[in-house]
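Here is the structure we will look at.
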Amino acid sequence: MTPEQFQAATGAAPGQMADLQAYVDLLTEANAVMNLVGPATLPEFWTRHALDSWQLLGHAPEAITWADLGAGAGLPGVVLAIFLKGRPGARVWLVDSLTKRCRFLQQVVDALDLPATVVNDRAEACARPVQMVAARACAPMDRLLGYAQPWLSAGAQALFLKGEKAEAELKQAAKSWKVSAELSPSISDPRGRVVRVRSLARAR
């Protein structure tokens, strides 16, 4: 997918495309010295990373407050923040426990003037009241639900970007959790799934 195809598919405004291109540039530069994303995936940025992240907005179009758990390179959180920029009350919390990744995320937030706050902490230890929690390539589902549980207890729902093993991960997680979840196909990869978690409790 080219930038032009991404713009046509998403309706991204010119300013959003400029922010995304600036993000690609910062990510490419940082990735040369720090493992943020697989180097082979950067040429596929517009499909593999941007479109994959952007699709979450379609699952929660009214949500303006998000948390990206295990934000890493800023996917999906930075992409969400770029598209939420300018909306009153918008805020994306970029949560990561690794300081060097947080320094990169702060560089991106500052450079693009994003409505985002970087939090250098463990996801389960810093829950805030948000509408939606997101995660991508963070952890297997049973562990990820543990990270997300305090956020969901505060009123959030969750949208997780998962691969072709999403159903198996949910089945494994059901041994430890009572989960109300729905799976939808990913628009960026037919093998992928978007997992929406509406409620969550520890299994007795």
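Following the order of the structure tokens, chains are lettered A, B, ..., residues in each are numbered from 1, and ligands are numbered from 1.
Contact shell of A:Asp19 at 12 Å (only C-alpha atoms; same-chain neighbours under 6 positions omitted): Ala12, Ala13, Asp25, Leu26, Ala50, Val78, Val79, Leu80, Ala81, Ile82, Phe83, Leu84, Lys85, Val108, Val109, Asp110, Ala111, Leu112, Asp113 and Leu114 of chain A.
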Contacts of A:Ala203 within 10 Å, only C-alpha atoms, excl. fewer than 6 positions in-chain, as a PDB file with C-alpha atoms, in the first residue's frame:
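The new file around_24.pdb reads:
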```
ATOM      1  CA  ALA A 173      -7.064 -17.262  28.679  1.00  0.00           C
ATOM      2  CA  ALA A 174     -10.518 -18.603  29.589  1.00  0.00           C
ATOM      3  CA  LYS A 175      -8.799 -20.906  32.084  1.00  0.00           C
ATOM      4  CA  SER A 176      -7.939 -17.837  34.160  1.00  0.00           C
ATOM      5  CA  TRP A 177     -10.486 -15.240  33.059  1.00  0.00           C
ATOM      6  CA  LYS A 178     -14.186 -14.787  32.448  1.00  0.00           C
ATOM      7  CA  VAL A 179     -14.098 -12.790  29.224  1.00  0.00           C
TER       8      VAL A 179
END
```
Neighbours of A:Leu42 within 9 Å (only C-alpha atoms; same-chain residues fewer than 4 positions away dropped), as a PyMOL selection string? chain A and resi 24+27-28+37-38+46+48-49
Would you put the residues from that selection into a file with C-alpha atoms, as a PDB file, in the first residue's frame?
```
ATOM      1  CA  VAL A  24       7.719   7.154   9.674  1.00  0.00           C
ATOM      2  CA  LEU A  27      10.672   5.638  13.470  1.00  0.00           C
ATOM      3  CA  THR A  28      13.075   4.721  10.677  1.00  0.00           C
ATOM      4  CA  VAL A  37       9.757  -2.738  14.820  1.00  0.00           C
ATOM      5  CA  GLY A  38      11.099  -5.455  12.566  1.00  0.00           C
ATOM      6  CA  TRP A  46       1.216   1.976   5.421  1.00  0.00           C
ATOM      7  CA  ARG A  48       1.302  -3.338   8.226  1.00  0.00           C
ATOM      8  CA  HIS A  49       1.438  -0.534  10.772  1.00  0.00           C
TER       9      HIS A  49
END
```
Can you tell me which residues surround A:Leu105 at a distance of at most 10 Å, considering only C-alpha atoms, apart from same-chain residues fewer than 6 positions away, and format the answer as number ranges by chain? A: 26-27, 71-74, 77-78, 94-96, 99, 111, 116-119
With N, CA and C atoms retained, export the selected residues as a compact mmCIF listing (two decimals), in the first residue's frame.
```txt
# COMPACT_ATOMS: atom_id res chain seq x y z
N LEU A 26 10.86 9.49 11.81
CA LEU A 26 11.41 9.36 13.16
C LEU A 26 11.58 7.88 13.54
N LEU A 27 10.61 7.06 13.16
CA LEU A 27 10.67 5.64 13.47
C LEU A 27 11.83 4.96 12.73
N ALA A 71 3.22 0.25 24.63
CA ALA A 71 3.15 1.05 23.40
C ALA A 71 4.33 0.83 22.46
N GLY A 72 5.51 0.51 23.01
CA GLY A 72 6.65 0.19 22.16
C GLY A 72 7.01 1.30 21.19
N ALA A 73 6.83 1.03 19.91
CA ALA A 73 7.14 2.00 18.86
C ALA A 73 6.04 3.06 18.69
N GLY A 74 4.92 2.87 19.41
CA GLY A 74 3.82 3.81 19.28
C GLY A 74 2.68 3.31 18.41
N GLY A 77 -0.91 3.48 19.31
CA GLY A 77 -1.23 4.72 20.00
C GLY A 77 -0.90 6.00 19.26
N VAL A 78 0.28 6.07 18.63
CA VAL A 78 0.66 7.29 17.91
C VAL A 78 -0.27 7.52 16.73
N LEU A 94 0.30 6.64 26.29
CA LEU A 94 1.26 5.70 25.70
C LEU A 94 2.06 5.10 26.85
N VAL A 95 1.75 3.85 27.18
CA VAL A 95 2.29 3.23 28.39
C VAL A 95 3.33 2.19 28.01
N ASP A 96 4.54 2.36 28.55
CA ASP A 96 5.58 1.36 28.30
C ASP A 96 6.52 1.34 29.50
N THR A 99 12.37 2.51 29.53
CA THR A 99 12.67 3.95 29.48
C THR A 99 13.10 4.41 28.09
N ALA A 111 7.42 16.27 18.72
CA ALA A 111 7.66 16.71 17.34
C ALA A 111 6.35 16.93 16.59
N ALA A 116 -1.17 13.36 23.44
CA ALA A 116 -0.76 12.09 24.03
C ALA A 116 0.16 12.35 25.22
N THR A 117 0.12 11.42 26.17
CA THR A 117 0.97 11.48 27.35
C THR A 117 1.72 10.17 27.47
N VAL A 118 3.04 10.24 27.59
CA VAL A 118 3.88 9.06 27.72
C VAL A 118 3.99 8.70 29.20
N VAL A 119 3.76 7.43 29.52
CA VAL A 119 3.82 6.94 30.89
C VAL A 119 4.83 5.81 30.96
```
Show which residues sit within 12 Å of A:Leu170, as a VMD selection string. Count only C-alpha atoms, and ignore same-chain residues fewer than 3 positions away. chain A and resid 140 to 145 160 162 to 167 173 to 183 193 195 to 197
Check chain A with DSSP on the backbone and list each residue it calls helix (DSSP H, G or I), as a tab-separated table (two decimals) with C-alpha atoms, in the first residue's frame.
```
chain	number	residue	atom	x	y	z
A	3	PRO	CA	0.67	6.60	1.06
A	4	GLU	CA	-1.81	7.66	-1.62
A	5	GLN	CA	-3.69	4.38	-1.30
A	6	PHE	CA	-3.72	4.72	2.48
A	7	GLN	CA	-5.14	8.24	2.20
A	8	ALA	CA	-7.83	7.07	-0.22
A	9	ALA	CA	-8.78	4.16	2.04
A	10	THR	CA	-8.94	6.14	5.27
A	14	PRO	CA	-3.29	16.30	4.42
A	15	GLY	CA	-2.15	17.30	7.90
A	16	GLN	CA	-2.66	13.76	9.15
A	17	MET	CA	-0.67	12.37	6.24
A	18	ALA	CA	2.13	14.84	6.99
A	19	ASP	CA	2.18	13.73	10.64
A	20	LEU	CA	2.24	10.07	9.61
A	21	GLN	CA	5.14	10.68	7.23
A	22	ALA	CA	7.04	12.54	9.95
A	23	TYR	CA	6.38	9.60	12.27
A	24	VAL	CA	7.72	7.15	9.67
A	25	ASP	CA	10.87	9.24	9.38
A	26	LEU	CA	11.41	9.36	13.16
A	27	LEU	CA	10.67	5.64	13.47
A	28	THR	CA	13.08	4.72	10.68
A	29	GLU	CA	15.85	6.81	12.23
A	30	ALA	CA	15.33	5.40	15.73
A	31	ASN	CA	14.94	1.84	14.48
A	39	PRO	CA	13.24	-3.66	9.95
A	40	ALA	CA	11.64	-5.71	7.17
A	41	THR	CA	8.21	-4.29	8.10
A	42	LEU	CA	9.13	-0.63	7.56
A	43	PRO	CA	8.67	-0.75	3.76
A	44	GLU	CA	5.16	-2.06	4.51
A	45	PHE	CA	4.45	0.73	6.99
A	46	TRP	CA	1.22	1.98	5.42
A	47	THR	CA	-0.48	-1.43	5.49
A	48	ARG	CA	1.30	-3.34	8.23
A	49	HIS	CA	1.44	-0.53	10.77
A	50	ALA	CA	-0.65	2.53	9.84
A	51	LEU	CA	-3.77	0.81	8.46
A	52	ASP	CA	-3.60	-1.89	11.13
A	53	SER	CA	-3.64	0.77	13.85
A	54	TRP	CA	-6.12	3.13	12.19
A	55	GLN	CA	-8.81	0.45	11.92
A	56	LEU	CA	-9.38	0.57	15.69
A	57	LEU	CA	-11.02	3.98	15.32
A	58	GLY	CA	-13.77	2.35	13.28
A	59	HIS	CA	-14.53	-0.02	16.15
A	77	GLY	CA	-1.23	4.72	20.00
A	78	VAL	CA	0.66	7.29	17.91
A	79	VAL	CA	-1.52	6.60	14.87
A	80	LEU	CA	-4.64	6.98	17.02
A	81	ALA	CA	-3.33	10.25	18.44
A	82	ILE	CA	-2.62	11.61	14.95
A	83	PHE	CA	-6.22	10.97	13.91
A	84	LEU	CA	-7.65	12.28	17.21
A	99	THR	CA	12.67	3.95	29.48
A	100	LYS	CA	14.43	4.11	26.11
A	101	ARG	CA	11.18	3.39	24.27
A	102	CYS	CA	9.46	6.09	26.29
A	103	ARG	CA	12.16	8.57	25.28
A	104	PHE	CA	11.42	7.79	21.64
A	105	LEU	CA	7.67	8.11	22.19
A	106	GLN	CA	8.14	11.47	23.90
A	107	GLN	CA	10.24	12.65	20.95
A	108	VAL	CA	7.37	11.75	18.59
A	109	VAL	CA	4.71	13.36	20.80
A	110	ASP	CA	6.71	16.58	21.04
A	111	ALA	CA	7.66	16.71	17.34
A	112	LEU	CA	4.08	16.18	16.14
A	123	ALA	CA	0.50	-1.13	32.42
A	124	GLU	CA	-1.26	-2.82	35.33
A	125	ALA	CA	0.17	-0.29	37.80
A	141	MET	CA	-3.89	-12.90	25.74
A	142	ASP	CA	-3.87	-14.33	29.26
A	143	ARG	CA	-1.07	-11.94	30.34
A	144	LEU	CA	-2.49	-9.05	28.33
A	145	LEU	CA	-5.82	-9.35	30.11
A	146	GLY	CA	-3.96	-9.06	33.40
A	147	TYR	CA	-2.35	-5.83	32.23
A	148	ALA	CA	-5.71	-4.48	31.04
A	149	GLN	CA	-7.86	-5.60	33.97
A	150	PRO	CA	-7.32	-2.49	36.16
A	151	TRP	CA	-8.21	-0.26	33.21
A	152	LEU	CA	-11.37	-2.23	32.46
A	153	SER	CA	-12.29	-2.13	36.13
A	166	ALA	CA	-6.41	-15.08	18.52
A	167	GLU	CA	-9.08	-17.74	19.06
A	168	ALA	CA	-6.58	-20.15	20.60
A	169	GLU	CA	-5.23	-17.40	22.88
A	170	LEU	CA	-8.74	-16.58	24.09
A	171	LYS	CA	-9.44	-20.25	24.78
A	172	GLN	CA	-6.25	-20.49	26.83
A	173	ALA	CA	-7.06	-17.26	28.68
```
I need the residues in chain A that are strand (DSSP E) according to DSSP; give them as a ChimeraX atom specification. /A:65-69,91-96,116-120,132-136,157-162,177-185,193-202
